[in-house]
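Asks: Dropping in work15.csv, which is CSV, C-alpha atoms:
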chain,number,residue,atom,x,y,z
A,33,MET,CA,-3.3,-51.3,-56.9
A,34,SER,CA,-1.0,-53.3,-54.7
A,35,ARG,CA,1.9,-51.8,-52.8
A,36,ARG,CA,4.3,-53.8,-54.9
A,37,ALA,CA,2.7,-52.5,-58.1
A,38,ARG,CA,2.8,-48.9,-56.8
A,39,SER,CA,6.5,-49.3,-56.0
A,40,SER,CA,7.3,-50.6,-59.5
A,41,THR,CA,5.3,-47.8,-61.2
A,42,ALA,CA,6.9,-45.1,-59.0
A,43,LEU,CA,10.3,-46.4,-60.0
A,44,LEU,CA,9.4,-46.2,-63.6
A,45,ALA,CA,7.7,-42.9,-63.4
A,46,LEU,CA,10.5,-41.3,-61.4
A,47,LEU,CA,13.1,-41.9,-64.1
A,48,ALA,CA,14.4,-45.4,-63.2
A,49,ALA,CA,16.7,-45.1,-66.1
A,50,GLY,CA,17.8,-41.6,-65.5
A,51,LEU,CA,18.3,-38.3,-67.2
A,52,CYS,CA,20.2,-37.5,-70.3
A,53,LEU,CA,22.1,-34.2,-70.1
A,54,PRO,CA,23.5,-33.3,-73.5
A,55,SER,CA,24.4,-29.8,-72.3
A,56,LEU,CA,23.9,-27.4,-69.4
A,57,VAL,CA,22.0,-24.9,-71.5
A,58,GLN,CA,19.4,-27.2,-72.9
A,59,ALA,CA,16.5,-28.6,-71.0
A,60,SER,CA,17.3,-32.1,-69.7
A,61,GLU,CA,16.0,-34.9,-71.8
A,62,VAL,CA,14.1,-37.5,-69.8
A,63,VAL,CA,14.9,-41.1,-70.6
A,64,VAL,CA,13.1,-44.2,-69.1
A,65,GLN,CA,14.0,-47.8,-69.5
A,66,ASP,CA,11.8,-50.8,-68.7
A,67,ASP,CA,12.7,-53.7,-70.9
A,68,ALA,CA,10.3,-56.0,-69.0
A,69,GLN,CA,7.4,-53.7,-69.9
A,70,LEU,CA,8.4,-52.8,-73.4
A,71,LEU,CA,9.8,-56.1,-74.7
A,72,HIS,CA,8.0,-58.8,-72.8
A,73,ARG,CA,4.4,-57.7,-72.4
A,74,PRO,CA,1.3,-58.0,-74.7
A,75,THR,CA,1.0,-55.3,-77.3
A,76,PRO,CA,-1.9,-53.4,-75.5
A,77,GLN,CA,0.1,-53.3,-72.3
A,78,VAL,CA,3.2,-52.0,-74.2
A,79,ARG,CA,1.1,-49.3,-75.8
A,80,GLN,CA,-0.4,-48.3,-72.5
A,81,THR,CA,3.0,-48.1,-70.8
A,82,LEU,CA,4.3,-45.8,-73.6
A,83,ARG,CA,1.2,-43.6,-73.3
A,84,ARG,CA,1.8,-43.3,-69.6
A,85,LEU,CA,5.5,-42.4,-70.1
A,86,VAL,CA,4.5,-39.6,-72.5
A,87,SER,CA,2.0,-38.3,-69.9
A,88,LEU,CA,4.8,-38.3,-67.3
A,89,GLY,CA,7.1,-36.2,-69.5
A,90,ALA,CA,9.4,-38.8,-70.9
A,91,ASP,CA,11.2,-37.9,-74.1
A,92,ARG,CA,13.0,-41.1,-75.0
A,93,VAL,CA,13.0,-44.8,-74.1
A,94,ARG,CA,16.2,-46.8,-73.7
A,95,ILE,CA,15.8,-50.4,-75.0
A,96,THR,CA,18.3,-53.2,-74.8
A,97,ALA,CA,19.2,-55.1,-78.0
A,98,GLY,CA,20.5,-58.1,-76.2
A,99,TRP,CA,23.0,-59.9,-78.4
A,100,SER,CA,22.4,-63.4,-76.9
A,101,ALA,CA,18.6,-62.8,-76.9
A,102,LEU,CA,18.6,-62.0,-80.6
A,103,ALA,CA,21.2,-64.4,-81.9
A,104,PRO,CA,20.2,-67.8,-83.2
A,105,ALA,CA,21.4,-70.8,-81.1
A,106,PRO,CA,23.0,-68.6,-78.4
A,107,ASP,CA,23.9,-71.6,-76.2
A,108,ALA,CA,25.6,-73.5,-79.0
A,109,GLN,CA,29.4,-74.0,-78.9
A,110,ARG,CA,29.8,-72.8,-82.5
A,111,ALA,CA,28.0,-70.3,-84.5
A,112,PRO,CA,25.1,-71.9,-86.4
A,113,ARG,CA,25.5,-72.4,-90.2
A,114,ARG,CA,21.8,-71.8,-90.7
A,115,ASP,CA,19.2,-69.8,-88.9
A,116,GLU,CA,15.9,-71.1,-87.4
A,117,ARG,CA,14.3,-71.0,-90.9
A,118,GLY,CA,17.0,-73.1,-92.5
A,119,LEU,CA,18.6,-70.1,-94.3
A,120,ILE,CA,22.3,-69.6,-94.3
A,121,PHE,CA,23.1,-67.5,-91.2
A,122,SER,CA,24.8,-64.2,-91.7
A,123,GLU,CA,25.8,-62.2,-88.6
A,124,ARG,CA,25.4,-59.0,-90.5
A,125,ARG,CA,21.8,-59.6,-91.5
A,126,SER,CA,19.2,-59.0,-88.8
A,127,SER,CA,16.7,-61.1,-90.9
A,128,ARG,CA,18.8,-64.1,-90.0
A,129,TYR,CA,18.5,-63.5,-86.2
A,130,ALA,CA,15.9,-65.1,-83.9
A,131,ARG,CA,12.4,-64.2,-85.2
A,132,ASP,CA,10.4,-63.8,-82.0
A,133,PRO,CA,12.9,-61.7,-80.0
A,134,MET,CA,13.5,-59.5,-83.1
A,135,ALA,CA,9.8,-59.1,-83.6
A,136,ARG,CA,9.5,-57.9,-79.9
A,137,LEU,CA,12.3,-55.4,-80.4
A,138,ASP,CA,10.7,-54.1,-83.7
A,139,ARG,CA,7.3,-53.8,-81.9
A,140,ALA,CA,8.8,-51.7,-79.0
A,141,ILE,CA,10.6,-49.4,-81.4
A,142,ARG,CA,7.6,-49.1,-83.7
A,143,LEU,CA,5.2,-48.3,-80.8
A,144,ALA,CA,7.6,-45.9,-79.2
A,145,ASP,CA,7.9,-44.0,-82.5
A,146,ALA,CA,4.1,-43.9,-82.8
A,147,ALA,CA,3.9,-42.5,-79.3
A,148,GLY,CA,6.3,-39.7,-80.2
A,149,LEU,CA,9.1,-41.0,-78.1
A,150,ALA,CA,12.7,-41.1,-79.4
A,151,VAL,CA,14.7,-44.4,-78.8
A,152,GLN,CA,18.1,-45.2,-77.5
A,153,ILE,CA,19.4,-48.7,-78.2
A,154,ASP,CA,21.9,-50.3,-75.9
A,155,LEU,CA,23.9,-52.8,-78.0
A,156,ALA,CA,24.6,-55.0,-75.1
A,157,PHE,CA,24.6,-58.0,-72.9
A,158,TRP,CA,25.2,-60.8,-73.1
A,159,ALA,CA,27.2,-62.6,-75.8
A,160,PRO,CA,26.2,-65.9,-77.5
A,161,ARG,CA,28.2,-68.8,-76.2
A,162,TRP,CA,29.8,-69.1,-79.6
A,163,ALA,CA,31.2,-65.5,-79.4
A,164,VAL,CA,33.3,-65.5,-76.3
A,165,ALA,CA,36.9,-66.4,-75.6
A,166,ARG,CA,36.0,-68.6,-72.6
A,167,ARG,CA,32.7,-70.2,-72.0
A,168,LEU,CA,31.2,-70.0,-68.5
A,169,ARG,CA,29.8,-73.4,-67.8
A,170,SER,CA,27.1,-72.6,-65.3
A,171,SER,CA,25.7,-69.4,-66.9
A,172,SER,CA,23.8,-68.3,-69.9
A,173,ARG,CA,25.2,-64.9,-69.3
A,174,GLN,CA,28.3,-65.3,-71.5
A,175,ARG,CA,30.6,-62.3,-71.1
A,176,TRP,CA,34.3,-63.5,-71.1
A,177,LEU,CA,36.0,-61.3,-73.7
A,178,PRO,CA,33.3,-61.1,-76.3
A,179,ASP,CA,34.7,-61.5,-79.8
A,180,VAL,CA,35.2,-58.0,-81.2
A,181,PRO,CA,34.7,-58.7,-85.0
A,182,ARG,CA,31.5,-60.7,-84.2
A,183,TYR,CA,30.3,-57.9,-82.0
A,184,ALA,CA,30.8,-55.4,-84.8
A,185,ARG,CA,28.8,-57.6,-87.1
A,186,PHE,CA,26.0,-57.8,-84.6
A,187,VAL,CA,26.1,-54.0,-84.3
A,188,GLU,CA,25.9,-53.7,-88.1
A,189,ALA,CA,22.9,-56.0,-88.2
A,190,ILE,CA,20.9,-53.9,-85.7
A,191,ALA,CA,22.1,-50.5,-87.0
A,192,GLU,CA,21.0,-51.4,-90.5
A,193,ARG,CA,17.7,-52.6,-89.3
A,194,TYR,CA,16.9,-49.3,-87.6
A,195,SER,CA,18.6,-47.1,-90.1
A,196,GLY,CA,15.2,-45.9,-91.5
A,197,ARG,CA,15.9,-47.8,-94.7
A,198,PHE,CA,14.8,-51.3,-93.6
A,199,ASP,CA,11.5,-52.7,-94.7
A,200,ASP,CA,9.1,-53.4,-91.8
A,201,PRO,CA,8.3,-57.1,-91.9
A,202,ARG,CA,4.9,-56.5,-90.3
A,203,ARG,CA,3.9,-53.5,-92.4
A,204,PRO,CA,4.4,-54.1,-96.2
A,205,GLY,CA,5.4,-51.0,-98.0
A,206,ARG,CA,6.6,-49.2,-94.9
A,207,ARG,CA,10.0,-49.0,-93.2
A,208,LEU,CA,11.0,-49.6,-89.6
A,209,PRO,CA,11.6,-46.4,-87.6
A,210,ALA,CA,15.1,-44.9,-87.6
A,211,VAL,CA,17.1,-44.9,-84.3
A,212,ARG,CA,19.8,-42.3,-83.9
A,213,GLN,CA,21.2,-42.8,-80.4
A,214,TRP,CA,23.2,-45.8,-79.4
A,215,THR,CA,25.3,-47.1,-76.5
A,216,THR,CA,28.0,-49.8,-76.8
A,217,TRP,CA,27.6,-52.4,-74.2
A,218,ASN,CA,26.4,-51.9,-70.6
A,219,GLU,CA,28.5,-51.3,-67.5
A,220,PRO,CA,31.7,-52.8,-68.8
A,221,ASN,CA,33.3,-52.1,-65.4
A,222,HIS,CA,30.8,-54.5,-63.8
A,223,SER,CA,31.7,-58.2,-63.6
A,224,GLY,CA,28.1,-59.1,-64.3
A,225,PHE,CA,28.5,-57.7,-67.9
A,226,LEU,CA,32.1,-58.2,-68.8
A,227,LEU,CA,34.9,-60.6,-67.7
A,228,PRO,CA,37.6,-60.6,-66.7
A,229,GLN,CA,37.8,-57.3,-65.0
A,230,TRP,CA,41.4,-57.9,-64.1
A,231,GLU,CA,44.0,-60.3,-65.5
A,232,ARG,CA,47.1,-61.8,-63.9
A,233,VAL,CA,50.3,-61.2,-65.8
A,234,GLY,CA,53.7,-62.0,-64.3
A,235,GLY,CA,52.2,-62.7,-60.9
A,236,ARG,CA,50.4,-59.3,-60.8
A,237,LEU,CA,46.9,-58.3,-61.5
A,238,ARG,CA,46.3,-55.6,-64.1
A,239,PRO,CA,43.1,-54.1,-65.6
A,240,ALA,CA,41.7,-56.0,-68.5
A,241,SER,CA,38.1,-54.9,-69.0
A,242,PRO,CA,38.8,-51.3,-70.1
A,243,HIS,CA,41.1,-52.4,-72.8
A,244,HIS,CA,38.8,-55.0,-74.2
A,245,TYR,CA,35.8,-52.6,-74.0
A,246,ARG,CA,37.8,-50.0,-75.9
A,247,ARG,CA,38.2,-52.4,-78.8
A,248,MET,CA,34.5,-53.3,-78.7
A,249,HIS,CA,33.5,-49.6,-78.6
A,250,GLU,CA,35.8,-48.6,-81.4
A,251,ALA,CA,34.5,-51.4,-83.6
A,252,GLY,CA,30.9,-50.5,-82.8
A,253,TYR,CA,31.5,-46.8,-83.3
A,254,ARG,CA,33.0,-47.3,-86.8
A,255,VAL,CA,30.1,-49.5,-87.9
A,256,LEU,CA,27.4,-47.1,-86.5
A,257,LYS,CA,29.0,-44.1,-88.2
A,258,ARG,CA,29.4,-46.0,-91.4
A,259,VAL,CA,25.7,-47.0,-91.4
A,260,ASN,CA,24.7,-43.3,-90.8
A,261,ALA,CA,27.0,-40.5,-89.9
A,262,ALA,CA,24.2,-38.9,-88.0
A,263,ASN,CA,24.1,-41.7,-85.5
A,264,GLU,CA,24.9,-40.5,-82.0
A,265,VAL,CA,27.2,-43.0,-80.2
A,266,LEU,CA,27.7,-42.9,-76.5
A,267,LEU,CA,30.8,-44.3,-74.8
A,268,GLY,CA,31.0,-45.8,-71.3
A,269,GLY,CA,27.7,-46.7,-69.7
A,270,LEU,CA,29.7,-47.2,-66.5
A,271,ALA,CA,28.5,-48.4,-63.1
A,272,SER,CA,29.1,-46.0,-60.3
A,273,ARG,CA,30.7,-48.5,-57.9
A,274,GLY,CA,33.6,-51.0,-58.0
A,275,SER,CA,35.6,-53.2,-55.7
A,276,ALA,CA,38.4,-52.1,-53.4
A,277,ARG,CA,40.3,-55.3,-54.3
A,278,PRO,CA,41.3,-56.3,-57.8
A,279,GLY,CA,40.3,-59.7,-59.1
A,280,GLU,CA,38.9,-61.4,-62.3
A,281,ARG,CA,35.4,-60.9,-61.0
A,282,SER,CA,35.9,-57.7,-59.0
A,283,GLY,CA,34.2,-54.7,-60.6
A,284,MET,CA,36.4,-51.8,-61.4
A,285,GLN,CA,35.8,-48.3,-60.0
A,286,PRO,CA,34.6,-46.0,-62.8
A,287,LEU,CA,37.3,-43.3,-62.7
A,288,ARG,CA,40.1,-46.0,-62.7
A,289,PHE,CA,38.3,-47.7,-65.6
A,290,LEU,CA,38.1,-44.4,-67.5
A,291,ARG,CA,41.8,-43.7,-67.1
A,292,GLU,CA,42.7,-47.2,-68.3
A,293,LEU,CA,40.2,-46.8,-71.2
A,294,ALA,CA,42.1,-43.6,-72.2
A,295,CYS,CA,45.4,-45.3,-71.6
A,296,VAL,CA,46.7,-43.0,-68.9
A,297,ASP,CA,47.9,-43.6,-65.3
A,298,ASP,CA,46.8,-41.9,-62.1
A,299,ARG,CA,48.8,-38.8,-63.1
A,300,LEU,CA,47.2,-38.8,-66.6
A,301,GLN,CA,50.5,-39.8,-68.1
A,302,PRO,CA,50.3,-42.1,-71.2
A,303,LEU,CA,50.5,-45.9,-70.6
A,304,THR,CA,53.0,-47.4,-73.1
A,305,ASP,CA,52.5,-51.1,-72.7
A,306,SER,CA,51.3,-53.3,-75.6
A,307,ARG,CA,47.6,-52.8,-74.7
A,308,CYS,CA,48.0,-49.1,-75.4
A,309,SER,CA,50.3,-49.2,-78.4
A,310,PRO,CA,49.3,-47.8,-80.8
A,311,PHE,CA,46.7,-45.6,-79.1
A,312,THR,CA,44.3,-43.4,-80.9
A,313,ALA,CA,42.0,-40.8,-79.2
A,314,LEU,CA,38.7,-42.2,-78.1
A,315,GLN,CA,35.8,-41.3,-80.4
A,316,ALA,CA,32.2,-40.8,-79.2
A,317,ASP,CA,29.4,-38.3,-79.2
A,318,GLY,CA,28.8,-38.4,-75.5
A,319,PHE,CA,29.7,-40.3,-72.3
A,320,ALA,CA,27.1,-42.5,-70.7
A,321,TYR,CA,27.1,-43.0,-66.9
A,322,HIS,CA,25.0,-44.6,-64.2
A,323,PRO,CA,25.5,-42.6,-61.0
A,324,TYR,CA,23.5,-44.8,-58.6
A,325,THR,CA,23.9,-44.2,-54.9
A,326,PHE,CA,22.1,-47.4,-53.9
A,327,GLY,CA,19.7,-46.5,-51.1
A,328,THR,CA,21.6,-43.5,-49.7
A,329,THR,CA,21.0,-39.8,-50.2
A,330,PRO,CA,22.0,-38.4,-53.6
A,331,TYR,CA,24.3,-35.9,-51.7
A,332,GLY,CA,26.3,-38.6,-50.0
A,333,PRO,CA,29.9,-39.1,-50.9
A,334,SER,CA,31.0,-42.3,-52.6
A,335,PRO,CA,32.9,-44.7,-50.4
A,336,ARG,CA,36.0,-44.8,-52.6
A,337,ILE,CA,38.0,-42.1,-54.4
A,338,ASP,CA,37.5,-43.5,-57.9
A,339,GLU,CA,33.7,-43.9,-57.5
A,340,VAL,CA,31.3,-41.1,-58.4
A,341,GLY,CA,27.6,-40.8,-57.4
A,342,ILE,CA,25.1,-38.3,-58.7
A,343,GLY,CA,26.2,-35.6,-56.3
A,344,GLU,CA,29.8,-35.8,-57.4
A,345,LEU,CA,29.5,-35.6,-61.2
A,346,GLY,CA,31.9,-32.6,-61.3
A,347,ARG,CA,34.7,-35.1,-60.7
A,348,LEU,CA,33.7,-37.2,-63.6
A,349,SER,CA,33.3,-34.2,-65.9
A,350,ALA,CA,36.7,-32.8,-64.8
A,351,LEU,CA,38.4,-36.1,-65.7
A,352,LEU,CA,36.7,-36.2,-69.1
A,353,GLY,CA,37.8,-32.6,-69.7
A,354,ALA,CA,41.3,-33.4,-68.7
A,355,LEU,CA,41.5,-36.4,-71.0
A,356,HIS,CA,40.2,-34.3,-73.9
A,357,ALA,CA,42.7,-31.6,-73.2
A,358,ARG,CA,45.5,-34.2,-73.3
A,359,GLY,CA,44.3,-35.7,-76.6
A,360,ARG,CA,43.1,-38.9,-75.1
A,361,ILE,CA,39.5,-38.2,-76.1
A,362,GLU,CA,38.9,-36.7,-79.5
A,363,ARG,CA,36.2,-34.2,-78.5
A,364,ALA,CA,34.7,-32.7,-75.4
A,365,LEU,CA,32.0,-35.2,-74.4
A,366,PRO,CA,28.6,-34.2,-72.9
A,367,LEU,CA,27.5,-36.4,-70.0
A,368,TYR,CA,24.5,-38.6,-70.4
A,369,LEU,CA,23.0,-40.2,-67.3
A,370,THR,CA,21.4,-43.2,-68.9
A,371,GLU,CA,20.5,-45.1,-65.7
A,372,TYR,CA,19.6,-43.9,-62.3
A,373,GLY,CA,16.9,-44.6,-59.7
A,374,TYR,CA,15.9,-46.0,-56.3
A,375,GLU,CA,14.0,-49.2,-55.6
A,376,THR,CA,11.4,-49.3,-52.9
A,377,ASN,CA,11.1,-51.7,-49.9
A,378,PRO,CA,9.1,-53.7,-50.5
A,379,PRO,CA,10.0,-55.5,-52.7
A,380,ASP,CA,13.8,-54.7,-52.4
A,381,ARG,CA,14.5,-55.4,-48.7
A,382,THR,CA,18.3,-55.0,-49.1
A,383,ARG,CA,18.7,-51.6,-50.8
A,384,GLY,CA,15.1,-50.4,-51.0
A,385,VAL,CA,13.7,-47.2,-49.5
A,386,SER,CA,10.2,-46.1,-48.6
A,387,GLU,CA,8.0,-44.6,-51.3
A,388,ARG,CA,8.2,-41.2,-49.6
A,389,THR,CA,12.0,-41.4,-49.5
A,390,GLN,CA,12.1,-42.6,-53.1
A,391,ALA,CA,10.2,-39.5,-54.2
A,392,ARG,CA,12.3,-37.2,-52.2
A,393,TYR,CA,15.6,-38.7,-53.4
A,394,HIS,CA,14.5,-38.6,-57.0
A,395,GLY,CA,13.6,-34.9,-56.7
A,396,LEU,CA,17.0,-34.2,-55.1
A,397,ALA,CA,18.8,-36.2,-57.8
A,398,THR,CA,17.0,-34.4,-60.6
A,399,PHE,CA,18.1,-31.1,-59.1
A,400,LEU,CA,21.7,-32.2,-58.8
A,401,ALA,CA,21.8,-33.6,-62.3
Could you write out this structure as structure tokens?

Replies:
Amino acid sequence: MSRRARSSTALLALLAAGLCLPSLVQASEVVVQDDAQLLHRPTPQVRQTLRRLVSLGADRVRITAGWSALAPAPDAQRAPRRDERGLIFSERRSSRYARDPMARLDRAIRLADAAGLAVQIDLAFWAPRWAVARRLRSSSRQRWLPDVPRYARFVEAIAERYSGRFDDPRRPGRRLPAVRQWTTWNEPNHSGFLLPQWERVGGRLRPASPHHYRRMHEAGYRVLKRVNAANEVLLGGLASRGSARPGERSGMQPLRFLRELACVDDRLQPLTDSRCSPFTALQADGFAYHPYTFGTTPYGPSPRIDEVGIGELGRLSALLGALHARGRIERALPLYLTEYGYETNPPDRTRGVSERTQARYHGLATFLA
């Protein structure tokens, strides 16, 4: 096996996508994500990957249901009237979405279920070009204020497909497996996944992404609970880092993002502008977070006060608790670390670490989590 292959396998094996921690008294649930292996490889390789994950102690796989990857005509200026088979396109019906990408998602979930692995679906990036407020000309990664009602219809299509009631198109007489854990979008405080992060109003910049994400999450949450009240819906999925200077494309530090999401200021006093009026307490079953420390020790402090690495999770938990106590979050939220890991050098010569250091850091991170 090549050094590059060993590096990739180690990252996968050592929880590249992190740990889920639904409580302090339960054993931690181990979640692994590798969309490249699970969605874009031949079936025998997908099956082999899943068997290996089981042997390594994984409990769940996290899989991205990419809106733009699954939608028909994602680069069109307007939503198509008909799907690729000539049938009238309905955004609420997954059978009208792109056939091959949907078949790959079905296969990954079907094989994960057969391997005894639970599944978490990230209803995420990016949006079709016909579902954003502003189209980015040079990018297929459309993410400028995704249309909230359209996002809710996409969520409904995927949630119904994996409700446990949907006929499996590849196995007549059988149903597709049920999925019961979901996240709404991915790293909405990162400019690579949601824009704008900040908006200029009256000559000043103010946070934009938390308020738009709140609308997306609320719409997705309602749909997921309507499809099945047992669905577990995670809020957040925040990146651990942000920019020191605000700007349309400057990522927002996670604690600042969370306060804005809950419509409070730095002193946790309610914000009363139009973006937060009326405000209803945030609803979720858990808070998802990605506490990367990017090539530095898990113990290291974050460079900015509103950033939180894996060794500082107490600060994030304290803020979540304070927001719940003040009625800004409906219930006390357990913390789920849905992404975490270290890349090796090679291949990552910028942030990568040696394989030995990777193994040591992952062990420390698991202890801290």

Asks: Could you check how far atom CA of A:Arg175 sits from atom CA of A:Ser275, in Å to one decimal?

Replies: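 We find that atom CA of A:Arg175 and atom CA of A:Ser275 lie 18.6 Å from each other.
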
Asks: Taking all atoms listed in the file into account, name the residue in A:Gln109, A:Gln65, A:Ser60, A:Thr304 that is nearest to A:Thr398.

Replies: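 Among the listed residues, the smallest separation from A:Thr398 belongs to A:Ser60.
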
Asks: Hey, which of A:Ala140, A:Gly235, A:Arg117, A:Ala105 ends up closest to A:Val78? Count all atoms listed in the file.

Replies: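 With all atoms listed in the file as the atom set, the closest residue is A:Ala140.
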
Asks: With only C-alpha atoms counted and 8 Å as the cut-off, give the residues of stretch 337-367 of chain A in contact with stretch 280-292 of chain A, each with its shortest interatomic distance in Å and the pair that gives it, as CSV.

Replies:
residue,atom,partner,partner_atom,distance
A:Asp338,CA,A:Leu287,CA,4.8
A:Glu339,CA,A:Gln285,CA,5.5
A:Val340,CA,A:Pro286,CA,7.4
A:Leu348,CA,A:Leu287,CA,7.1
A:Leu351,CA,A:Leu287,CA,7.9

Asks: Do a neighbour search on A:Glu375 at 7 Å with all atoms listed in the file, toss out local chain neighbours closer than 2 positions, and write the hits as an MDAnalysis selection string.

Replies: chainID A and resid 43 373 377 380 384:385

Asks: Find the spatial neighbours of A:Asp138, counting only C-alpha atoms, within a cut-off of 12 Å - ignore same-chain residues fewer than 2 positions away - and output them as a ChimeraX atom specification.

Replies: /A:70-71,75,95-97,102,126-127,131-136,140-145,151,153,190,193-194,198-203,207-211

Asks: Could you tell me how far atom CA of A:Ala397 sits from atom CA of A:Gly353, in Å to one decimal place?

Replies: 22.7 Å

Asks: Find, counting all atoms listed in the file, the residue in A:Glu371, A:Glu123, A:Glu250, A:Asp115 that gets nearest to A:Val64.

Replies: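 Smallest separation from A:Val64 among the options: A:Glu371.
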
Asks: Between stretch 192-220 of chain A and stretch 238-244 of chain A, at 12 Å or less, what are the per-residue closest atom pairs and their distances in Å? Count only C-alpha atoms, order by chain and rising residue number, and return it as a tab-separated table.

Replies:
residue	atom	partner	partner_atom	distance
A:Trp217	CA	A:His244	CA	11.5
A:Glu219	CA	A:Ser241	CA	10.4
A:Pro220	CA	A:Ser241	CA	6.7

Asks: Those selected residues, please, written with C-alpha atoms and delivered as a JSON list (two decimals), keeping the file's coordinate frame.

Replies:
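Final file, selection35.json:
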[["chain", "number", "residue", "atom", "x", "y", "z"],
["A", 217, "TRP", "CA", 27.60, -52.40, -74.20],
["A", 219, "GLU", "CA", 28.50, -51.30, -67.50],
["A", 220, "PRO", "CA", 31.70, -52.80, -68.80]]

Asks: Have a look at atom CA of A:Gly279 and atom CA of A:Trp230 and let me know their distance in Å, one decimal.

Replies: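 For atom CA of A:Gly279 relative to atom CA of A:Trp230, the distance reads 5.4 Å.
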
Asks: Between A:Gln315, A:Gln301, A:Asn260, A:Gln229, which one has atoms that come closest to A:Arg277, using all atoms listed in the file?

Replies: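 Selected residue with least distance to A:Arg277: A:Gln229.
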
Asks: Just checking: using only C-alpha atoms, which residue out of A:Gly359, A:Pro160, A:Gly234, A:Pro74 ends up closest to A:Pro106?

Replies: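 Looking at the shortest contact to A:Pro106, the residue is A:Pro160.
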
Asks: Would you mind listing what lies within 12 Å of A:Pro333 as a list of chain:residue names, with all atoms listed in the file counted and same-chain residues fewer than 3 positions away left out?

Replies: A:Ser272, A:Arg273, A:Pro323, A:Tyr324, A:Thr325, A:Phe326, A:Thr328, A:Thr329, A:Pro330, A:Arg336, A:Ile337, A:Asp338, A:Glu339, A:Val340, A:Gly341, A:Ile342, A:Gly343, A:Glu344, A:Leu345, A:Arg347
